[in-house]
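Here's the structure we're looking at; comments come further down.
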Amino acid sequence: MTPDSEMKPLLEIKDLRVSYGNDMVLDGIDLAISRGETLAIIGESGTGKTTLGMSIMRLTEGKIRGSIIFDGKDLLTLSEDEMRRMRWNRVAMVFQNVSNVLSPVHTVLEQVAEPMVEHRLRNKDEAREKAGELLATVGLPESRFSAYPHQLSGGEQQRVLLAMALSNDPELLILDEPFSSLDVATRSELGNLLRQDNGRRARLVVTHDLDTASKLADRLAVLYGGRIIEIGNTRDVLKNPRHPYTRALIRSYPNMTAVKDLQGIKGRMTRPVSGCPFHPRCTQMIDICRRELPGLVWNQGRAVACHRGGVATILSVKQLSKNFGKVKAVDSVTLHIEAGETLALVGQSGSGKTTLAKMIIGLYQPSRGEVFFDGAKVVSRTKDFYRKVQMIFQNPGESLSHRLSVLESVMEPLEVQGIGTKEERKEKAIRVIGEVELPQTKDFILKYPHHLSGGEMQRVAIARALVLDPVLLIADEPTAFLDASTEAKILKLLLNLQENRGLSMLYITHNIAVARKVSDRIAVMLDGRIIEEGPSNQIVAAPKQAYTRRLLDAAPSLVRFETTAAD
Amino acid sequence: MHIDLKKEIKESNPGQIGVAILVLMIVLAMLAPVLGRYDPLQQSTTTLLSPSRGHWLGTNHVGQDIWSQLLYGARTSLAVGFSVGVLGLLLSILFGVSTALIGGVYDRVVMRIVDAFIIIPMVIVVILVAAYIKPSLLLLIILLSVLSWPSGARAIRAQTLSLKQSGHISASRAFGAGELYIAWRHILPDLVPILLVEFIYGVRRAVFMEAGLAFLGIGDPMVVSWGTMMHDALRFSYLDVWRWWLVPPGVALSLTIIGLTFISHAAEAVVDPRLRDEAVA
């Protein structure tokens with residue numbers, strides 16, 4: 001489907017729909033793979049990845065509609081006989097579930113030779129010879145050729161399956177979780193092997209494992225709820241995901257390049273009756289997402305199916321400045337926050353972090369510059385604005401009124417906004433108090449701030465900020481007054497809340513060690529200016545500015561490891 | 001930050017004495033019709049009587065019962081005092097809180113007016129105005145209230161300005177709260193101690209002003225007042241009558257003002273803890 005590909009694709013899937021009974025498993029899939037190319041289909045379990053592979057092989061029991069055009073022929077119109085000739089000869093598949101596929105009563109060599117004999121491509125001896133070659137290629141030691149499947153390890157079995165699939169030299173190779181039972185070292189080895197005979201063959205890799213996809217695939221298609229929601233070059237998609245789901249998937253994947261704590265995706269995968277399949281879990285849902293299905297929109301070899309054109313910018317400030325007399329507290333700051341992401345603002349005290357935050361929330365009037373929220377310029381801050389943007393202050397002892405009980409404090413925003421009846425407010429407040437992991441007992445909610453510990457007070461302040469269900473939370477050094485263990489708990493809480501609610505966050509801290517744990521991107525501020533900005537891992541691993549390096553050196557590090565250069 | 005006002009006043013000796021005196025005056029004023037026996041304005045032919053069983057403090061130059069006049073005078077004094085206290089305080093709060101919260105030109109204009117009021121001695125203004133309009137009691141209350149709010153407003157404004165900076169008020173603004181909500185929900189409760197002190201100042205000043213004006217003969221002659229009593233008694237000071245005519249209202253007035261002073265002294269410690277006794281703290 002890439003408009004700019006010159007070669008006619010080997011496989012072209014058009015509007016493929018597969019259903020089991022009333023369950024639509026795949027819904028309008030359009031895909032194309034050219035020879036020599038590897039396309040990976042990624043997604044969580046249950047998104048219909050395997051069904052897609054099976055549908056191409058015509059091995060699924062579901063009802064298939066649409067067309068699967070392979071080398072000019074629609075596989076769905078072939079007779080069962082023609083299809084059988086096609087399978088293993090021209091289109092082969094490596095199944096996910098290794099143990100079910102191999103026959104327990106034949107040696108692996110016999111099993112690899114079998115398809116060649118069956119399709120009468122070779123006589124028995126030639127076939128065995130070829131099978132031996134293939135098994136050697138996939139790295140099975142010769143001593144194991146005559147072993148039975150149960151005598152092999154999972155990794156070895158997977159190699160055998162791969163050899164089987166390759167035996168008739170298919171033009172299209174479908175690999176379903178090819179590396180699931182392999183260790184990391186074997187993965188790279190087999191990955192290289194698969195890439196070796198490029199040119200004639202097209203590969204379709206079905207996996208939930210981003211590492212596998214990144215090692216094998218040229219292009220990535222992200223599947224969610226039976227639909228492709230993003231497609232593009234592997235590197236581009238992984239580095240700069242455009243769909244909120246893709247980004248969330250990458251965030252939840254343990255890898256060496258991320259520094260932020262792992263984060264799941266809120267909710268579970270459901271199949272909503274209408275609208276975008278991802279909308280119940282999306283961090284930037286708008287009305288239309290609930291009603292209409294977004295189509296894939298192509299733009300320079302990249303496509304995203306999102307009503308908002310991919311991850312949206314929730315807040316941006318342009319050339320924002322604040323002068324106090326002659327002092328430039330904030331000097332022409334431009335930055336943005338995407339929906340569902342955390343931007344950490346790092347800098348020493350007096351660098352203008354809090355002033356910037358207070359200008360965004362409207363407690364200070366900027367001397368110059370503009371603030372945009374959700375695409376619209378913020379002129380005057382109405383109650384509506386505060387329903388969407390909330391702030392947690394540095395010192396919970398100060399930001400909570402000493403005259404209000406826990407319950408009254410948490411109810412206050414609802415009261416100001418005039419939301420609900422008194423009973424409803426109370427109910428909501430108590431629910432949110434539970435959400436920030438505070439006791440919901442009558443005894444506790446009637447306590448006054450001076451009866452609470454610092455950690456409890458900050459939790460109350462967080463609950464108070466969340467009770468309006470904001471989409472953007474500004475956290476100004478929320479752990480500055482807390483001890484290390486309480487700080488860790490509050491940070492965990494904030495991360496969980498972000499995951500559960502899909503919050504966007506501006507996290508202000510002087511501690512870059514904290515910033516790297518909680519943020520997706522870091523902006524470093526010095527003397528009122530942003531001097532460096534980028535993905536957290538990049539800022540931490542390869543800072544460009546000397547000041548950032550100083551911050552990193554000064555960051556808490558309990559044990560300094562001496563790096564000794566090996567000769 | 002939680003200050004127990006009652007406790008603060010209870011634990012100071014002058015405070016207790018002040019409260020006792022004030023309570024005594026209020027009781028006397030309320031029981032005036034019972035204890036007085038005569039209508040204080042009813043004239044009789046028996047003038048300038050010495051104290052006797054019928055007239056405990058004798059009668060004045062037009063035959064009115066001085067004891068009854070003393071009791072009803074307490075009513076006037078306290079009524080004017082508390083009315084002006086309340087009304088003046090309301091004006092002080094209105095201007096003090098609003099200037100602090102709104103600021104800008106409004107703040108500057110109101111504060112210059114306050115400065116002007118404070119520089120010009122209130123007594124002289126009141127005497128001048130009262131001399132021209134011969135105010136009724138109600139008018140007098142309004143006049144005193146209008147003239148007495150500026151100093152309170154300035155103190156309240158200062159306190160509000162410092163309260164305005166506190167974190168929970170910033171937080172409240174960040175929920176979208178307006179100035180009215182903030183003033184009502186967050187500022188006023190924290191102003192209570194200073195409001196109490198300002199109130200008692202106001203009452204004391206009004207009691208003193210009312211008596212003073214009446215003593216000078218400005219004001220409604222048909223109103224029974226300690227000031228009027230002293231004004232009348234002074235004219236007959238060559239007789240012995242001053243002992244039961246001039247001294248009792250003077251003592252009553254002095255006691256009332258001393259009582260209020262003691263209370264305000266104790267209440268001030270609430271606002272400024274540095275004034276608290278070591279033993280109490």
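Order determines the names: the first chain of the structure tokens is A, the second B, and so forth; residues in each chain are numbered 1 upward, and ligands are numbered 1 upward as they are shown.
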If we count only C-alpha atoms, what is near Gly155 (chain A) at a cut-off of 9 Å, once residues fewer than 5 positions away on the same chain are taken out, given as a PDB file with N, CA and C atoms, in the first residue's frame?
```pdb
ATOM      1  N   VAL A 160      14.222 -26.311  14.275  1.00  0.00           N
ATOM      2  CA  VAL A 160      13.736 -27.355  13.371  1.00  0.00           C
ATOM      3  C   VAL A 160      12.555 -26.830  12.558  1.00  0.00           C
ATOM      4  N   PHE A 179      10.832 -16.067  18.001  1.00  0.00           N
ATOM      5  CA  PHE A 179      11.909 -16.106  18.989  1.00  0.00           C
ATOM      6  C   PHE A 179      11.418 -16.357  20.402  1.00  0.00           C
ATOM      7  N   SER A 180      10.128 -16.709  20.528  1.00  0.00           N
ATOM      8  CA  SER A 180       9.558 -16.697  21.872  1.00  0.00           C
ATOM      9  C   SER A 180      10.265 -17.632  22.830  1.00  0.00           C
ATOM     10  N   SER A 181      10.773 -18.781  22.326  1.00  0.00           N
ATOM     11  CA  SER A 181      11.420 -19.671  23.292  1.00  0.00           C
ATOM     12  C   SER A 181      12.936 -19.694  23.103  1.00  0.00           C
ATOM     13  N   LEU A 182      13.473 -18.632  22.550  1.00  0.00           N
ATOM     14  CA  LEU A 182      14.919 -18.593  22.353  1.00  0.00           C
ATOM     15  C   LEU A 182      15.569 -17.613  23.310  1.00  0.00           C
ATOM     16  N   ASP A 183      16.799 -17.923  23.671  1.00  0.00           N
ATOM     17  CA  ASP A 183      17.523 -16.988  24.512  1.00  0.00           C
ATOM     18  C   ASP A 183      18.074 -15.864  23.641  1.00  0.00           C
ATOM     19  N   THR A 186      20.848 -16.647  20.925  1.00  0.00           N
ATOM     20  CA  THR A 186      20.340 -17.408  19.791  1.00  0.00           C
ATOM     21  C   THR A 186      19.479 -16.523  18.894  1.00  0.00           C
TER      22      THR A 186
END
```
**OP:** Give the residues of chain B that lie within 9 Å of chain A; count only C-alpha atoms, and format the answer as a ChimeraX atom specification.
**Re:** /B:1-2,166-178,181,186,189-190
Since we have the selection now, will you write its residues out, keeping C-alpha atoms, as a tab-separated table (two decimals), in the first residue's frame?
```tsv
chain	number	residue	atom	x	y	z
B	1	MET	CA	-2.08	28.41	64.26
B	2	HIS	CA	-5.13	27.37	66.20
B	166	SER	CA	-0.09	31.63	51.47
B	167	GLY	CA	0.00	28.35	49.61
B	168	HIS	CA	-3.53	27.23	50.18
B	169	ILE	CA	-4.85	30.41	48.62
B	170	SER	CA	-2.67	29.91	45.54
B	171	ALA	CA	-3.99	26.36	45.44
B	172	SER	CA	-7.55	27.60	45.67
B	173	ARG	CA	-6.95	29.98	42.77
B	174	ALA	CA	-5.64	27.03	40.81
B	175	PHE	CA	-9.03	25.35	41.23
B	176	GLY	CA	-10.54	28.38	39.54
B	177	ALA	CA	-11.75	30.13	42.69
B	178	GLY	CA	-12.70	33.80	42.41
B	181	TYR	CA	-14.81	32.73	47.34
B	186	HIS	CA	-9.90	31.43	53.27
B	189	PRO	CA	-11.56	32.87	59.01
B	190	ASP	CA	-7.90	33.75	59.41
```
Subject >> Polymer residues at most 8 Å from region 92-106 of chain A, only C-alpha atoms, same-chain spacing of 2 or more positions, as a ChimeraX atom specification >> reply: /A:53,57,87-90,108,110-111,148-150,154,157-158,161-162,165-166,170,172-178,180
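Of the listed residues (A:Ala185, A:Leu466, A:Leu59, A:Val297), A:Val297 comes nearest to Ile231 (chain A); the distances count only C-alpha atoms.
Here CA of Asp27 (chain A) is placed at a distance of 12.0 Å from CA of Ile13 (chain A).
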Original post:
Which residues in region 254-289 of chain A does DSSP call helix (DSSP H, G or I)? List them as a PyMOL selection string.
Top reply: chain A and resi 279-281+287-289
Pull N, CA and C atoms from the residues just selected and write them as a tab-separated table (two decimals), in the first residue's frame.
```tsv
chain	number	residue	atom	x	y	z
A	279	HIS	N	-10.02	3.94	21.92
A	279	HIS	CA	-10.47	5.10	22.67
A	279	HIS	C	-10.68	4.90	24.18
A	280	PRO	N	-11.11	3.70	24.63
A	280	PRO	CA	-11.28	3.60	26.09
A	280	PRO	C	-9.97	3.73	26.87
A	281	ARG	N	-8.85	3.50	26.20
A	281	ARG	CA	-7.58	3.53	26.93
A	281	ARG	C	-6.73	4.73	26.53
A	287	ASP	N	-14.43	13.64	21.53
A	287	ASP	CA	-15.76	13.10	21.25
A	287	ASP	C	-15.83	12.17	20.04
A	288	ILE	N	-15.21	12.63	18.97
A	288	ILE	CA	-15.34	11.90	17.71
A	288	ILE	C	-14.77	10.49	17.82
A	289	CYS	N	-13.74	10.33	18.69
A	289	CYS	CA	-13.10	9.02	18.85
A	289	CYS	C	-14.10	7.96	19.29
```
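Once Val406 (chain A) and its same-chain neighbours fewer than 3 positions away are set aside, Leu400, Ser409, Val410, Met411, Ile433, Phe444, Ile445, Leu446, Lys447, Tyr448, Pro449, Met457 and Val460 of chain A remain within 9 Å of it when counting only C-alpha atoms.
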Subject >> Contacts of region 37-52 of chain B at 8 Å (only C-alpha atoms; same-chain gap of 2+ positions) as a ChimeraX atom specification >> reply: /B:33-35,54-66,68-69,72,222,224,241,244
Take the residues that were just selected and, keeping N, CA and C atoms, output them as a compact mmCIF listing (two decimals), in the first residue's frame.
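For reference, selection08.txt as written:
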```
# COMPACT_ATOMS: atom_id res chain seq x y z
N PRO B 33 -35.33 49.02 83.22
CA PRO B 33 -36.75 49.28 83.56
C PRO B 33 -37.12 48.67 84.91
N VAL B 34 -36.47 47.58 85.29
CA VAL B 34 -36.80 46.92 86.56
C VAL B 34 -36.16 47.67 87.73
N LEU B 35 -34.86 47.97 87.57
CA LEU B 35 -34.12 48.58 88.67
C LEU B 35 -34.39 50.08 88.80
N GLY B 54 -36.66 57.09 98.17
CA GLY B 54 -37.40 57.17 96.90
C GLY B 54 -36.46 57.37 95.73
N HIS B 55 -35.55 58.27 95.86
CA HIS B 55 -34.58 58.54 94.79
C HIS B 55 -33.18 58.26 95.31
N TRP B 56 -32.63 57.08 94.92
CA TRP B 56 -31.36 56.61 95.47
C TRP B 56 -30.23 57.62 95.24
N LEU B 57 -30.28 58.25 94.07
CA LEU B 57 -29.23 59.24 93.78
C LEU B 57 -29.85 60.65 93.67
N GLY B 58 -30.99 60.80 94.23
CA GLY B 58 -31.62 62.12 94.20
C GLY B 58 -32.22 62.44 92.84
N THR B 59 -32.54 63.71 92.61
CA THR B 59 -33.09 64.14 91.33
C THR B 59 -32.26 65.31 90.81
N ASN B 60 -32.42 65.58 89.50
CA ASN B 60 -31.64 66.67 88.90
C ASN B 60 -32.44 67.97 88.88
N HIS B 61 -31.95 68.92 88.08
CA HIS B 61 -32.54 70.26 88.11
C HIS B 61 -33.95 70.31 87.55
N VAL B 62 -34.35 69.28 86.77
CA VAL B 62 -35.75 69.28 86.32
C VAL B 62 -36.53 68.15 86.97
N GLY B 63 -35.96 67.59 88.04
CA GLY B 63 -36.70 66.61 88.83
C GLY B 63 -36.68 65.19 88.28
N GLN B 64 -35.72 64.89 87.38
CA GLN B 64 -35.63 63.51 86.88
C GLN B 64 -34.80 62.68 87.84
N ASP B 65 -35.15 61.36 87.92
CA ASP B 65 -34.44 60.46 88.83
C ASP B 65 -33.04 60.15 88.28
N ILE B 66 -32.01 60.48 89.03
CA ILE B 66 -30.64 60.32 88.53
C ILE B 66 -30.26 58.85 88.40
N SER B 68 -32.19 56.30 87.63
CA SER B 68 -32.78 55.79 86.38
C SER B 68 -31.99 56.30 85.19
N GLN B 69 -31.61 57.60 85.25
CA GLN B 69 -30.85 58.18 84.14
C GLN B 69 -29.52 57.45 83.96
N TYR B 72 -30.31 54.05 82.26
CA TYR B 72 -30.68 54.20 80.84
C TYR B 72 -29.51 54.77 80.03
N MET B 222 -32.94 64.87 74.04
CA MET B 222 -34.00 63.96 74.50
C MET B 222 -33.45 62.55 74.75
N VAL B 224 -31.18 60.06 76.86
CA VAL B 224 -30.50 59.96 78.15
C VAL B 224 -29.09 59.46 77.90
N VAL B 241 -24.60 68.78 94.94
CA VAL B 241 -25.18 67.72 94.10
C VAL B 241 -24.15 66.97 93.27
N TRP B 244 -23.57 63.11 93.94
CA TRP B 244 -24.45 62.03 93.42
C TRP B 244 -24.95 62.28 92.01
```
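You will find CA of Ser146 (chain A) at 26.4 Å from CA of Gln196 (chain A).
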**OP:** May I have the residues within 9 Å of Val97 (chain B) as JSON, numbers by chain, using only C-alpha atoms and disregarding those fewer than 5 positions away in the same chain?
**Re:** {"B": [92, 102, 153, 156, 157, 158, 159, 160, 161, 183, 187, 188]}
Could the residues in this selection be saved with C-alpha atoms as a PDB file, in the first residue's frame?
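For reference, again.pdb as written:
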```
ATOM      1  CA  SER B  92     -13.198  48.080  57.603  1.00  0.00           C
ATOM      2  CA  ILE B 102      -8.073  43.773  44.013  1.00  0.00           C
ATOM      3  CA  ALA B 153      -9.266  48.861  57.151  1.00  0.00           C
ATOM      4  CA  ILE B 156      -7.027  44.322  57.858  1.00  0.00           C
ATOM      5  CA  ARG B 157      -5.517  45.133  54.467  1.00  0.00           C
ATOM      6  CA  ALA B 158      -2.009  44.495  55.776  1.00  0.00           C
ATOM      7  CA  GLN B 159      -3.040  41.166  57.245  1.00  0.00           C
ATOM      8  CA  THR B 160      -4.899  40.147  54.083  1.00  0.00           C
ATOM      9  CA  LEU B 161      -1.894  40.994  51.932  1.00  0.00           C
ATOM     10  CA  ALA B 183     -12.180  36.121  50.764  1.00  0.00           C
ATOM     11  CA  ILE B 187      -9.233  35.041  54.296  1.00  0.00           C
ATOM     12  CA  LEU B 188     -12.021  35.876  56.730  1.00  0.00           C
TER      13      LEU B 188
END
```
Subject >> Length of the CA of His307 (chain A) to CA of Glu230 (chain A) vector [Å] >> reply: 12.5 Å
